[in-house]
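What follows is upload01.txt (compact mmCIF, C-alpha atoms and all ligand atoms).
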```txt
# COMPACT_ATOMS: atom_id res chain seq x y z
CA MET Y 705 4.74 43.13 44.45
CA GLY Y 706 7.82 43.17 46.64
CA GLY Y 707 10.44 40.40 47.15
CA ALA Y 708 10.11 37.16 49.05
CA ALA Y 709 9.18 37.36 52.70
CA THR Y 710 9.81 35.20 55.72
CA PHE Y 711 7.10 34.90 58.33
CA ILE Y 712 8.16 33.77 61.76
CA PHE Y 713 5.55 31.87 63.73
CA GLY Y 714 7.03 30.91 67.08
CA ALA Y 715 10.17 28.95 66.21
CA VAL Y 716 8.99 28.24 62.66
CA MET Y 717 10.19 30.27 59.68
CA LEU Y 718 7.87 30.04 56.71
CA ARG Y 719 9.30 31.66 53.60
CA LEU Y 720 6.76 33.04 51.12
CA SER Y 721 7.45 34.15 47.56
CA ALA Y 722 6.35 37.61 46.46
CA GLU Y 723 3.27 36.15 44.81
CA GLU Y 724 2.35 34.15 47.90
CA GLN Y 725 2.85 37.23 50.03
CA ALA Y 726 0.53 39.19 47.76
CA MET Y 727 -2.13 36.51 48.15
CA LEU Y 728 -1.76 36.64 51.93
CA SER Y 729 -1.91 40.41 52.12
CA GLY Y 730 -5.19 40.54 50.23
CA GLU Y 731 -3.85 42.14 47.03
CA LEU Y 732 -5.70 39.45 45.05
CA GLY Y 733 -8.93 39.89 47.00
CA PRO Y 734 -10.41 38.69 50.29
CA GLY Y 735 -11.32 35.22 48.99
CA VAL Y 736 -7.74 34.49 47.95
CA ARG Y 737 -6.46 35.95 51.21
CA LYS Y 738 -8.72 33.58 53.16
CA ALA Y 739 -7.40 30.62 51.15
CA MET Y 740 -3.78 31.63 51.71
CA GLU Y 741 -4.43 32.11 55.42
CA ILE Y 742 -5.57 28.48 55.60
CA VAL Y 743 -2.51 27.23 53.68
CA VAL Y 744 -0.15 29.31 55.83
CA ALA Y 745 -1.85 28.26 59.06
CA LEU Y 746 -1.34 24.60 58.16
CA GLY Y 747 2.28 25.32 57.30
CA GLN Y 748 2.66 26.93 60.71
CA ILE Y 749 1.02 24.02 62.54
CA TYR Y 750 3.17 21.42 60.77
CA GLY Y 751 6.43 23.38 60.86
CA ALA Y 752 6.80 23.87 57.09
CA SER Y 753 9.56 26.19 55.89
CA ARG Y 754 8.04 26.87 52.47
CA LEU Y 755 5.03 26.37 50.25
CA ILE Y 756 5.03 24.23 47.13
CA GLU Y 757 3.03 24.44 43.94
CA VAL Y 758 0.47 21.69 43.35
CA GLU Y 759 -0.55 20.35 39.94
CA SER Y 760 -4.07 19.25 40.83
CA VAL Y 761 -6.54 19.23 43.69
CA GLN Y 762 -9.30 16.85 44.70
CA VAL Y 763 -11.83 18.32 47.12
CA ALA Y 764 -13.83 16.29 49.66
CA GLY Y 765 -16.87 17.36 51.65
CA VAL Y 766 -19.33 17.37 48.75
CA SER Y 767 -22.37 15.51 50.04
CA TYR Y 768 -25.06 17.79 51.41
CA ARG Y 769 -25.73 15.05 53.97
CA ASN Y 770 -22.32 15.77 55.51
CA LEU Y 771 -22.07 19.49 54.76
CA GLY Y 772 -25.52 20.52 55.91
CA GLU Y 773 -26.78 24.08 55.63
CA ALA Y 774 -23.74 25.49 57.47
CA GLY Y 775 -21.31 23.91 55.02
CA LEU Y 776 -23.32 25.05 52.00
CA GLU Y 777 -23.43 28.59 53.33
CA PHE Y 778 -19.66 28.57 54.00
CA LEU Y 779 -19.02 27.51 50.40
CA SER Y 780 -21.51 29.95 48.92
CA ARG Y 781 -20.08 32.93 50.81
CA TRP Y 782 -16.56 32.07 49.73
CA ALA Y 783 -17.68 31.65 46.11
CA ASP Y 784 -19.48 35.02 46.37
CA GLN Y 785 -16.07 36.63 46.80
CA GLY Y 786 -15.33 35.82 43.17
CA VAL Y 787 -12.43 33.43 43.74
CA ARG Y 788 -11.46 30.85 41.14
CA VAL Y 789 -9.29 27.76 41.38
CA ARG Y 790 -5.83 28.07 39.80
CA VAL Y 791 -5.19 24.36 39.11
CA PRO Y 792 -7.34 21.51 37.76
CA THR Y 793 -9.70 20.60 40.58
CA THR Y 794 -12.23 17.78 40.87
CA LEU Y 795 -14.71 16.72 43.55
CA ASN Y 796 -15.28 13.70 45.74
CA PRO Y 797 -18.59 11.84 45.35
CA ALA Y 798 -21.82 13.60 46.19
CA GLY Y 799 -24.79 12.15 48.06
CA MET Y 800 -26.72 11.21 44.90
CA ASP Y 801 -26.48 10.67 41.15
CA LEU Y 802 -26.67 14.26 39.91
CA ARG Y 803 -28.81 13.30 36.90
CA ALA Y 804 -30.71 10.14 37.81
CA TRP Y 805 -31.59 11.10 41.39
CA ARG Y 806 -35.30 11.34 40.71
CA GLU Y 807 -35.68 7.87 39.19
CA LEU Y 808 -33.50 6.41 41.97
CA GLY Y 809 -35.95 7.83 44.51
CA PHE Y 810 -33.89 10.55 46.19
CA PRO Y 811 -36.04 13.08 48.06
CA GLU Y 812 -36.56 16.36 46.19
CA SER Y 813 -35.59 18.40 49.28
CA PHE Y 814 -32.22 16.65 49.55
CA ALA Y 815 -31.61 16.81 45.81
CA GLN Y 816 -32.14 20.56 45.58
CA ARG Y 817 -29.66 21.26 48.39
CA GLN Y 818 -27.13 18.82 46.88
CA LEU Y 819 -27.43 20.57 43.51
CA ALA Y 820 -26.86 23.90 45.29
CA VAL Y 821 -23.58 22.53 46.68
CA ILE Y 822 -22.47 21.52 43.20
CA GLU Y 823 -23.45 24.92 41.83
CA ALA Y 824 -21.32 26.61 44.51
CA PHE Y 825 -18.30 24.52 43.49
CA GLN Y 826 -18.97 25.39 39.84
CA ARG Y 827 -18.67 29.07 40.71
CA PHE Y 828 -15.10 28.37 41.93
CA GLY Y 829 -14.31 26.91 38.50
CA VAL Y 830 -14.11 23.38 39.90
CA HIS Y 831 -14.62 20.58 37.38
CA THR Y 832 -17.66 19.00 38.98
CA THR Y 833 -16.92 15.43 38.13
CA CYS Y 834 -17.67 13.73 41.45
CA THR Y 835 -15.50 10.70 42.03
CA CYS Y 836 -13.12 9.15 44.54
CA THR Y 837 -11.08 7.75 41.63
CA PRO Y 838 -9.94 10.84 39.70
CA TYR Y 839 -7.02 8.72 38.47
CA LEU Y 840 -9.51 6.63 36.43
CA VAL Y 841 -10.81 9.67 34.56
CA GLY Y 842 -7.63 11.30 33.35
CA ASN Y 843 -6.23 12.96 36.48
CA VAL Y 844 -3.14 10.76 36.79
CA PRO Y 845 -0.30 12.56 38.59
CA HIS Y 846 3.26 11.72 37.55
CA PRO Y 847 5.74 10.17 40.00
CA GLY Y 848 7.14 12.85 42.28
CA GLU Y 849 4.43 15.37 41.34
CA HIS Y 850 2.90 17.34 44.20
CA VAL Y 851 -0.90 17.37 44.43
CA ALA Y 852 -3.41 18.21 47.17
CA TRP Y 853 -6.05 15.52 47.32
CA ALA Y 854 -8.59 14.96 50.05
CA GLU Y 855 -10.26 11.60 49.52
CA SER Y 856 -8.38 9.09 51.68
CA SER Y 857 -8.46 6.21 49.18
CA ALA Y 858 -7.34 8.48 46.34
CA VAL Y 859 -4.58 9.92 48.53
CA SER Y 860 -3.35 6.41 49.22
CA TYR Y 861 -3.46 5.48 45.52
CA ALA Y 862 -1.71 8.68 44.41
CA ASN Y 863 1.10 8.31 46.95
CA SER Y 864 1.59 4.56 46.85
CA VAL Y 865 0.68 3.34 43.38
CA LEU Y 866 1.40 6.43 41.29
CA GLY Y 867 4.35 7.73 43.35
CA ALA Y 868 2.89 11.24 43.51
CA ARG Y 869 2.96 13.27 46.73
CA THR Y 870 0.02 14.43 48.77
CA ASN Y 871 -1.07 14.71 52.35
CA ARG Y 872 -4.63 13.82 53.22
CA GLU Y 873 -6.26 17.21 52.86
CA GLY Y 874 -9.46 18.27 54.56
CA GLY Y 875 -12.31 19.88 52.61
CA PRO Y 876 -11.41 23.55 53.30
CA SER Y 877 -7.65 22.95 53.04
CA ALA Y 878 -8.01 21.26 49.65
CA LEU Y 879 -10.15 24.12 48.36
CA ALA Y 880 -7.60 26.60 49.73
CA ALA Y 881 -4.85 24.71 47.86
CA ALA Y 882 -6.93 24.88 44.67
CA ILE Y 883 -7.43 28.66 45.00
CA THR Y 884 -3.79 29.42 45.80
CA GLY Y 885 -2.20 26.60 43.78
CA ARG Y 886 -0.08 25.93 46.86
CA THR Y 887 0.22 23.63 49.81
CA ALA Y 888 2.66 23.69 52.71
CA ALA Y 889 5.76 21.52 52.35
CA TYR Y 890 5.33 19.00 55.15
CA GLY Y 891 4.36 15.37 55.70
CA LEU Y 892 4.31 13.16 52.62
CA HIS Y 893 5.57 15.94 50.35
CA LEU Y 894 9.01 15.44 51.94
CA ASP Y 895 11.41 12.54 51.19
CA GLU Y 896 12.13 11.83 54.84
CA ASN Y 897 8.49 10.98 55.60
CA ARG Y 898 8.04 8.50 52.76
CA SER Y 899 10.06 5.63 54.19
CA ALA Y 900 8.23 2.60 55.57
CA THR Y 901 7.81 2.35 59.32
CA LEU Y 902 5.96 -0.97 59.56
CA ARG Y 903 7.07 -4.13 57.78
CA VAL Y 904 4.14 -6.41 56.97
CA ASP Y 905 4.88 -10.05 56.14
CA VAL Y 906 1.96 -11.68 54.35
CA HIS Y 907 1.87 -15.42 55.02
CA CYS Y 908 -1.56 -16.31 53.64
CA PRO Y 909 -3.15 -16.31 50.18
CA VAL Y 910 -4.60 -12.94 49.17
CA GLN Y 911 -6.49 -13.57 45.96
CA SER Y 912 -9.78 -11.77 45.55
CA LEU Y 913 -10.78 -8.13 45.77
CA SER Y 914 -12.37 -8.78 49.16
CA ASP Y 915 -9.20 -10.56 50.35
CA PHE Y 916 -7.22 -7.40 49.56
CA GLY Y 917 -9.82 -5.39 51.44
CA ALA Y 918 -9.63 -7.78 54.40
CA LEU Y 919 -5.84 -7.52 54.46
CA GLY Y 920 -6.06 -3.74 54.31
CA TYR Y 921 -8.59 -3.72 57.14
CA LEU Y 922 -6.28 -5.74 59.40
CA VAL Y 923 -3.13 -3.81 58.53
CA GLY Y 924 -4.85 -0.42 58.81
CA LYS Y 925 -6.01 -1.28 62.34
CA ALA Y 926 -2.48 -2.20 63.36
CA ALA Y 927 -0.67 0.52 61.43
CA GLY Y 928 -2.56 3.66 62.44
CA ASN Y 929 -0.79 6.34 60.42
CA ARG Y 930 2.45 4.44 59.88
CA VAL Y 931 3.78 3.57 56.41
CA PRO Y 932 3.48 -0.20 55.76
CA TYR Y 933 5.94 -2.13 53.60
CA PHE Y 934 4.37 -5.35 52.33
CA VAL Y 935 6.50 -8.41 51.74
CA GLY Y 936 5.07 -11.59 50.21
CA LEU Y 937 2.13 -9.96 48.48
CA GLU Y 938 1.75 -11.12 44.90
CA ILE Y 939 -0.09 -8.77 42.57
CA GLU Y 940 -0.12 -8.68 38.83
CA ALA Y 941 1.32 -5.30 37.98
CA GLY Y 942 -0.48 -3.03 35.54
CA LEU Y 943 -2.51 0.10 36.04
CA PRO Y 944 -5.11 0.88 37.07
CA CYS Y 945 -4.96 -1.81 39.71
CA PRO Y 946 -8.27 -2.55 41.48
CA TYR Y 947 -6.47 -4.68 44.09
CA LEU Y 948 -4.17 -1.87 45.20
CA LYS Y 949 -7.07 0.59 45.06
CA THR Y 950 -9.00 -1.68 47.42
CA LEU Y 951 -6.05 -2.39 49.71
CA GLY Y 952 -5.27 1.30 50.18
CA ALA Y 953 -8.92 2.27 50.68
CA ALA Y 954 -9.30 -0.32 53.45
CA MET Y 955 -6.13 0.78 55.26
CA ALA Y 956 -7.24 4.39 55.11
CA ALA Y 957 -10.64 3.45 56.56
CA SER Y 958 -9.65 1.15 59.43
CA GLY Y 959 -6.51 3.19 60.10
CA ALA Y 960 -5.02 6.39 58.73
CA VAL Y 961 -2.57 4.96 56.21
CA ALA Y 962 -1.87 7.45 53.41
CA LEU Y 963 1.17 5.74 51.87
CA TYR Y 964 2.31 2.12 51.61
CA HIS Y 965 4.85 0.16 49.63
CA VAL Y 966 4.63 -3.33 48.16
CA ALA Y 967 7.95 -5.07 47.52
CA GLY Y 968 8.48 -5.55 43.82
CA VAL Y 969 5.29 -3.74 42.85
CA THR Y 970 4.90 -0.08 43.88
CA PRO Y 971 7.21 2.61 42.47
CA GLU Y 972 9.11 3.60 45.62
CA ALA Y 973 9.42 0.10 47.10
CA ASP Y 974 12.86 -0.49 45.61
CA ARG Y 975 14.42 2.68 46.99
CA PRO Y 976 17.47 1.59 49.03
CA ASP Y 977 16.29 3.59 52.04
CA VAL Y 978 12.60 2.63 51.75
CA LEU Y 979 12.65 0.90 55.13
CA ALA Y 980 13.41 3.40 57.87
CA PRO Y 981 16.21 2.27 60.24
CA GLY Y 982 14.92 -0.30 62.73
CA HIS Y 983 12.07 -1.49 60.52
CA ALA Y 984 13.88 -3.73 58.02
CA ASP Y 985 13.98 -6.91 60.06
CA SER Y 986 10.86 -9.06 60.26
CA ALA Y 987 11.86 -9.93 63.85
CA SER Y 988 11.74 -6.26 64.86
CA PRO Y 989 8.89 -5.04 67.06
CA GLN Y 990 7.86 -2.82 64.14
CA ALA Y 991 6.89 -5.87 62.06
CA LEU Y 992 3.51 -7.45 61.56
CA VAL Y 993 2.75 -10.95 60.28
CA VAL Y 994 -0.62 -11.57 58.65
CA ASP Y 995 -1.39 -15.28 58.26
CA ASP Y 996 -5.19 -15.30 58.44
CA LEU Y 997 -7.75 -12.95 56.88
CA GLN Y 998 -10.78 -14.45 58.63
CA PRO Y 999 -10.72 -11.99 61.56
CA ALA Y 1000 -11.39 -9.20 59.06
CA TYR Y 1001 -14.29 -11.07 57.44
CA ALA Y 1002 -15.71 -11.71 60.92
CA ALA Y 1003 -15.34 -8.08 62.01
CA LEU Y 1004 -16.94 -6.66 58.86
CA ASN Y 1005 -19.96 -8.98 58.77
CA SER Y 1006 -23.22 -8.70 60.64
CA ASP Y 1007 -25.49 -11.77 60.82
CA VAL Y 1008 -28.22 -10.33 58.61
CA ARG Y 1009 -29.53 -12.64 55.84
CA GLU Y 1010 -32.06 -10.63 53.80
CA ILE Y 1011 -30.22 -8.25 51.46
CA ASP Y 1012 -31.81 -5.00 50.17
CA LEU Y 1013 -28.86 -3.80 48.09
CA ALA Y 1014 -25.67 -5.21 46.62
CA TRP Y 1015 -23.21 -2.31 46.28
CA PHE Y 1016 -20.09 -2.43 44.12
CA GLY Y 1017 -17.69 0.38 43.25
CA CYS Y 1018 -16.20 1.55 46.52
CA PRO Y 1019 -13.79 3.08 45.57
CA HIS Y 1020 -15.56 3.93 42.32
CA ALA Y 1021 -15.45 1.08 39.84
CA GLY Y 1022 -13.31 0.85 36.75
CA LEU Y 1023 -14.56 -0.72 33.53
CA GLU Y 1024 -13.14 -4.14 34.31
CA GLU Y 1025 -14.97 -4.24 37.65
CA ILE Y 1026 -18.28 -3.43 35.94
CA ALA Y 1027 -17.56 -6.11 33.33
CA GLU Y 1028 -16.90 -8.63 36.11
CA VAL Y 1029 -20.34 -8.02 37.65
CA VAL Y 1030 -21.94 -8.41 34.21
CA ARG Y 1031 -20.08 -11.69 33.73
CA LEU Y 1032 -21.12 -13.02 37.14
CA LEU Y 1033 -24.76 -12.02 36.59
CA GLY Y 1034 -24.81 -13.96 33.34
CA GLY Y 1035 -28.05 -12.27 32.31
CA ARG Y 1036 -29.98 -13.23 35.48
CA ARG Y 1037 -32.46 -10.81 37.06
CA VAL Y 1038 -31.78 -9.49 40.55
CA ARG Y 1039 -34.25 -9.59 43.45
CA ALA Y 1040 -32.39 -7.08 45.58
CA ALA Y 1041 -31.25 -3.72 44.25
CA LEU Y 1042 -27.83 -3.80 42.61
CA TRP Y 1043 -25.82 -0.59 42.30
CA ILE Y 1044 -22.36 -0.08 40.88
CA THR Y 1045 -21.03 3.39 41.69
CA ALA Y 1046 -18.57 4.90 39.22
CA ALA Y 1047 -17.30 8.18 37.87
CA ARG Y 1048 -19.64 9.61 35.24
CA GLU Y 1049 -16.91 9.30 32.59
CA VAL Y 1050 -16.42 5.62 33.43
CA ARG Y 1051 -20.17 5.12 33.26
CA GLN Y 1052 -20.16 6.68 29.79
CA GLN Y 1053 -17.41 4.29 28.68
CA ALA Y 1054 -19.36 1.39 30.19
CA GLN Y 1055 -22.41 2.56 28.28
CA ALA Y 1056 -20.46 2.63 25.04
CA GLU Y 1057 -19.36 -0.95 25.65
CA GLY Y 1058 -22.87 -2.21 26.38
CA LEU Y 1059 -22.13 -2.87 30.06
CA VAL Y 1060 -24.72 -0.43 31.40
CA THR Y 1061 -27.40 -2.00 29.23
CA ALA Y 1062 -26.42 -5.45 30.49
CA ILE Y 1063 -26.58 -4.37 34.13
CA GLU Y 1064 -29.94 -2.66 33.57
CA ALA Y 1065 -31.31 -5.71 31.75
CA SER Y 1066 -30.67 -7.63 34.98
CA GLY Y 1067 -32.46 -4.95 36.99
CA GLY Y 1068 -29.30 -3.27 38.34
CA ARG Y 1069 -27.96 0.27 37.93
CA VAL Y 1070 -24.60 1.85 37.19
CA VAL Y 1071 -24.88 4.98 39.29
CA ALA Y 1072 -22.63 8.00 38.77
CA ASP Y 1073 -21.38 10.84 40.97
CA MET Y 1074 -22.26 9.33 44.35
CA CYS Y 1075 -21.17 7.23 47.29
CA ALA Y 1076 -23.58 5.17 49.39
CA VAL Y 1077 -21.71 6.07 52.59
CA VAL Y 1078 -22.63 9.75 52.23
CA ALA Y 1079 -26.08 9.24 50.68
CA PRO Y 1080 -29.41 9.20 52.55
CA MET Y 1081 -29.68 5.41 52.14
CA GLN Y 1082 -32.25 4.82 54.88
CA GLU Y 1083 -34.53 7.41 53.31
CA LEU Y 1084 -34.32 5.38 50.12
CA GLY Y 1085 -35.60 2.35 52.04
CA PHE Y 1086 -32.35 0.40 52.37
CA ARG Y 1087 -31.55 -1.39 55.61
CA THR Y 1088 -29.06 -4.10 54.57
CA VAL Y 1089 -26.18 -4.11 52.09
CA ALA Y 1090 -23.87 -6.73 50.62
CA THR Y 1091 -20.54 -5.35 49.44
CA PRO Y 1092 -17.06 -6.58 48.50
CA SER Y 1093 -15.61 -3.27 49.73
CA ALA Y 1094 -13.88 -3.31 53.12
CA LYS Y 1095 -13.99 0.49 53.21
CA GLY Y 1096 -17.72 0.44 52.51
CA ALA Y 1097 -18.28 -2.30 55.08
CA THR Y 1098 -16.32 -0.28 57.65
CA TYR Y 1099 -18.28 2.93 57.17
CA LEU Y 1100 -21.80 1.90 56.17
CA PRO Y 1101 -22.97 0.89 59.68
CA SER Y 1102 -21.71 4.05 61.41
CA HIS Y 1103 -22.26 6.60 58.62
CA ALA Y 1104 -25.36 5.29 56.83
CA GLY Y 1105 -26.99 3.16 59.54
CA LEU Y 1106 -26.99 -0.02 57.43
CA LEU Y 1107 -26.30 -3.65 58.32
CA VAL Y 1108 -23.56 -5.14 56.16
CA ARG Y 1109 -22.54 -8.42 54.63
CA TYR Y 1110 -18.97 -8.45 53.39
CA GLY Y 1111 -17.66 -11.01 50.93
CA THR Y 1112 -16.41 -11.69 47.43
CA VAL Y 1113 -17.81 -10.00 44.34
CA ALA Y 1114 -19.37 -13.35 43.39
CA GLN Y 1115 -21.07 -13.71 46.80
CA CYS Y 1116 -22.47 -10.19 46.53
CA VAL Y 1117 -23.79 -10.84 43.02
CA GLU Y 1118 -25.49 -14.02 44.27
CA ALA Y 1119 -26.98 -12.03 47.17
CA ALA Y 1120 -28.42 -9.57 44.64
CA VAL Y 1121 -29.89 -12.38 42.53
CA SER Y 1122 -31.50 -14.28 45.44
CA GLY Y 1123 -32.01 -11.41 47.87
CA VAL Y 1124 -30.39 -13.59 50.54
CA TRP Y 1125 -26.81 -13.83 51.82
CA ARG Y 1126 -25.20 -17.25 51.65
CA ASP Y 1127 -21.83 -18.01 53.28
FE1 LIG J 1 -15.40 6.30 47.38
FE2 LIG J 1 -17.37 6.48 49.08
FE3 LIG J 1 -16.02 4.29 48.95
S1 LIG J 1 -15.90 8.07 48.58
S2 LIG J 1 -13.97 5.01 48.47
S3 LIG J 1 -17.29 5.14 47.29
S4 LIG J 1 -16.75 5.24 50.82
```

Can you present the structure in this file as structure tokens?
Amino acid sequence: MGGAATFIFGAVMLRLSAEEQAMLSGELGPGVRKAMEIVVALGQIYGASRLIEVESVQVAGVSYRNLGEAGLEFLSRWADQGVRVRVPTTLNPAGMDLRAWRELGFPESFAQRQLAVIEAFQRFGVHTTCTCTPYLVGNVPHPGEHVAWAESSAVSYANSVLGARTNREGGPSALAAAITGRTAAYGLHLDENRSATLRVDVHCPVQSLSDFGALGYLVGKAAGNRVPYFVGLEIEAGLPCPYLKTLGAAMAASGAVALYHVAGVTPEADRPDVLAPGHADSASPQALVVDDLQPAYAALNSDVREIDLAWFGCPHAGLEEIAEVVRLLGGRRVRAALWITAAREVRQQAQAEGLVTAIEASGGRVVADMCAVVAPMQELGFRTVATPSAKGATYLPSHAGLLVRYGTVAQCVEAAVSGVWRD
């Protein structure tokens, strides 16, 4: 290999190390070259001057429902080139529980194609744990660490709550980062883009998980891709934090927020320069006051009353969230279906603690590997869903064709027990 090289694309100078140059020239094979071409192309588009090494990757675009035959073929052909990931890499949720799909009623035709997608990722050396909360199953980046994650809620959590650094990667760009171990140095990898650009003053109580989702829904709509700085938001610190997980997921769904700060809570909020010039004053035009969450509850609710499914675990549930549903059920049987989606490892922990048995005794399920938004829910017979997830409530109508009731965890549990939504 020769020395470092500088590639000039228009006015942009992207400096590559000797190893990166070798990847780009095809010395490490056509599959690696293709990956490096993607990384370099993104660097070119975003004006990066260098690449940086990433410590982990999380790949999205896993459900066969979204990928289709074209996506599966793209993955398979790339895997056929013998490429392997260079850094620990996990997957976003699939369109079904990879083990219990048959008993849950997933169609055989869908299941076989979904399993083929997973098998293609396995050939890359990807750890095929399928979850949107990799930080709940041991992939916890350190503050300042560079990663390349794709799932929007996980990106938000990594940047904001853990203080790690990632842009919101797409499916192919995340896989390219995994194969090369690199991403281009732009966006949220750089100090100058991590300051807040929208001050948010919270002037109303924000208490429950669904309140945090409602707040995130409202702020995401207003913020777009700006970086909010919350003032007046009281959260008990301690990780993992389901409230911050929910807040970030909602902002990433209704807007494109990939980083936020909460005064006195998140790791970069106390940086002296955290508020970009012109955004520090609550009287500035770049400030938002939230004093009522009801508009979010109104926007996320349809007027349906019969409930087919109560869905918890969006983003994927932690142990304490599963325990909360068990507590609220109090041993009662459900009339509607009740699903809690979680990472398989979290499900195993829940099983060890007797929580899965308790949920199943009530007629519910703790479902691993999957997300209802990217699953063939109508084919399973579901038409209406109750959920305490603002992200789920945002996406389920448009992506899964379901009517949604959005409310507290307790309201959703009651809807599962009675089969009817009550305000
Ligand atoms: Fe996760 Fe799906 Fe919700 S990916 S955040 S369970 S929409």

Residues near Y:Ala960, anyone? I mean within 8 Å using all atoms listed in the file, not counting same-chain ones fewer than 5 positions away, as a list in words.
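So the residues in contact are Gly924, Ala927, Gly928, Asn929, Arg930 and Met955 of chain Y.
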
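From atom CA of Y:Pro797 back to atom CA of Y:Glu1049, the distance works out to 13.1 Å.
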
Which residue is closest to Y:Gly1058? Choose from Y:Ile1026, Y:Val743, Y:Ile749, Y:Val851 and count all atoms listed in the file.
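Looking only at the distances to Y:Gly1058, the closest residue turns out to be Y:Ile1026.
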
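Of the listed residues (Y:Gly982, Y:Gly765, Y:Gly891, Y:Pro845), Y:Gly765 comes nearest to ligand LIG 1 (chain J); the distances count all atoms listed in the file.
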
Counting all atoms listed in the file, the residue among Y:Phe778, Y:Tyr768, Y:Tyr921, Y:Phe1016 that lies closest to ligand LIG 1 (chain J) is Y:Phe1016

Against ligand LIG 1 (chain J), which residues of chain Y fall within 9 Å? For each one I want the closest pair of atoms and the distance in Å (one decimal), counting all atoms listed in the file, rows by chain and increasing residue number, as CSV.
```
residue,atom,partner,partner_atom,distance
Y:Ala764,CA,J:LIG1,S1,8.5
Y:Asn796,CA,J:LIG1,S1,6.3
Y:Pro797,CA,J:LIG1,S1,5.6
Y:Ala798,CA,J:LIG1,S1,8.4
Y:Thr835,CA,J:LIG1,FE1,6.9
Y:Cys836,CA,J:LIG1,FE1,4.6
Y:Thr837,CA,J:LIG1,FE1,7.3
Y:Glu855,CA,J:LIG1,S1,6.7
Y:Ser856,CA,J:LIG1,S2,7.6
Y:Ser857,CA,J:LIG1,S2,5.7
Y:Ala858,CA,J:LIG1,S2,7.8
Y:Lys949,CA,J:LIG1,S2,8.9
Y:Thr950,CA,J:LIG1,S2,8.4
Y:Ala953,CA,J:LIG1,S2,6.2
Y:Ala954,CA,J:LIG1,S2,8.7
Y:Ala957,CA,J:LIG1,S4,8.6
Y:Phe1016,CA,J:LIG1,S3,8.7
Y:Gly1017,CA,J:LIG1,S3,6.3
Y:Cys1018,CA,J:LIG1,FE3,3.7
Y:Pro1019,CA,J:LIG1,S2,3.5
Y:His1020,CA,J:LIG1,S3,5.4
Y:Ala1021,CA,J:LIG1,S3,8.7
Y:Thr1045,CA,J:LIG1,S3,7.0
Y:Ala1046,CA,J:LIG1,S3,8.2
Y:Met1074,CA,J:LIG1,S3,7.1
Y:Cys1075,CA,J:LIG1,FE2,4.3
Y:Ala1076,CA,J:LIG1,FE2,6.4
Y:Val1077,CA,J:LIG1,S4,5.3
Y:Val1078,CA,J:LIG1,FE2,6.9
Y:Ser1093,CA,J:LIG1,FE3,7.6
Y:Ala1094,CA,J:LIG1,FE3,8.9
Y:Lys1095,CA,J:LIG1,S4,6.0
Y:Gly1096,CA,J:LIG1,S4,5.2
Y:Ala1097,CA,J:LIG1,S4,8.8
Y:Thr1098,CA,J:LIG1,S4,8.8
Y:Tyr1099,CA,J:LIG1,S4,6.9
Y:Leu1100,CA,J:LIG1,S4,8.1
```

Using all atoms listed in the file, the best pick from Y:Ala862, Y:Ala722, Y:Ala1079, Y:Ala918 as closest to Y:Val766 would be Y:Ala1079

Please identify all polymer residues within 9 Å of Y:Val1030, counting only C-alpha atoms, omitting same-chain residues fewer than 2 positions from it, and present them as a ChimeraX atom specification.
/Y:1025-1028,1032-1035,1059-1060,1062-1063,1066

Write out the residues from the selection above, keeping C-alpha atoms, as a compact mmCIF listing (two decimals), in the coordinates of the input.
```
# COMPACT_ATOMS: atom_id res chain seq x y z
CA GLU Y 1025 -14.97 -4.24 37.65
CA ILE Y 1026 -18.28 -3.43 35.94
CA ALA Y 1027 -17.56 -6.11 33.33
CA GLU Y 1028 -16.90 -8.63 36.11
CA LEU Y 1032 -21.12 -13.02 37.14
CA LEU Y 1033 -24.76 -12.02 36.59
CA GLY Y 1034 -24.81 -13.96 33.34
CA GLY Y 1035 -28.05 -12.27 32.31
CA LEU Y 1059 -22.13 -2.87 30.06
CA VAL Y 1060 -24.72 -0.43 31.40
CA ALA Y 1062 -26.42 -5.45 30.49
CA ILE Y 1063 -26.58 -4.37 34.13
CA SER Y 1066 -30.67 -7.63 34.98
```

What is the atom CA of Y:Val763 to atom CA of Y:Arg872 distance in Å?
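Separation of atom CA of Y:Val763 and atom CA of Y:Arg872: 10.5 Å.
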
In terms of the shortest atom-to-atom distance over all atoms listed in the file, which of Y:Pro971, Y:Gly920, Y:Gly848, Y:Pro838 is closest to Y:Pro999?
Y:Gly920

Selection as a PyMOL selection string: residues within 12 Å of (-34.0, 4.7, 58.2), counting all atoms listed in the file:
chain Y and resi 1079-1088+1101+1103-1107

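Relative to atom CA of Y:Ala1072, atom CA of Y:Gly1123 is found at 23.4 Å.
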
Out of Y:Arg886, Y:Arg803, Y:Arg827, Y:Arg769, which residue has the shortest atom-to-atom distance to Y:Ser721 when counting all atoms listed in the file?
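Checking each candidate against Y:Ser721, we get Y:Arg886 as the closest.
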
Mind listing as a PDB file with C-alpha atoms, in the frame of the given file all residues within 6 Å of (-14.0, 28.7, 47.2), counting all atoms listed in the file?
```
ATOM      1  CA  TRP Y 782     -16.560  32.070  49.730  1.00  0.00           C
ATOM      2  CA  ALA Y 783     -17.680  31.650  46.110  1.00  0.00           C
ATOM      3  CA  PHE Y 828     -15.100  28.370  41.930  1.00  0.00           C
TER       4      PHE Y 828
END
```
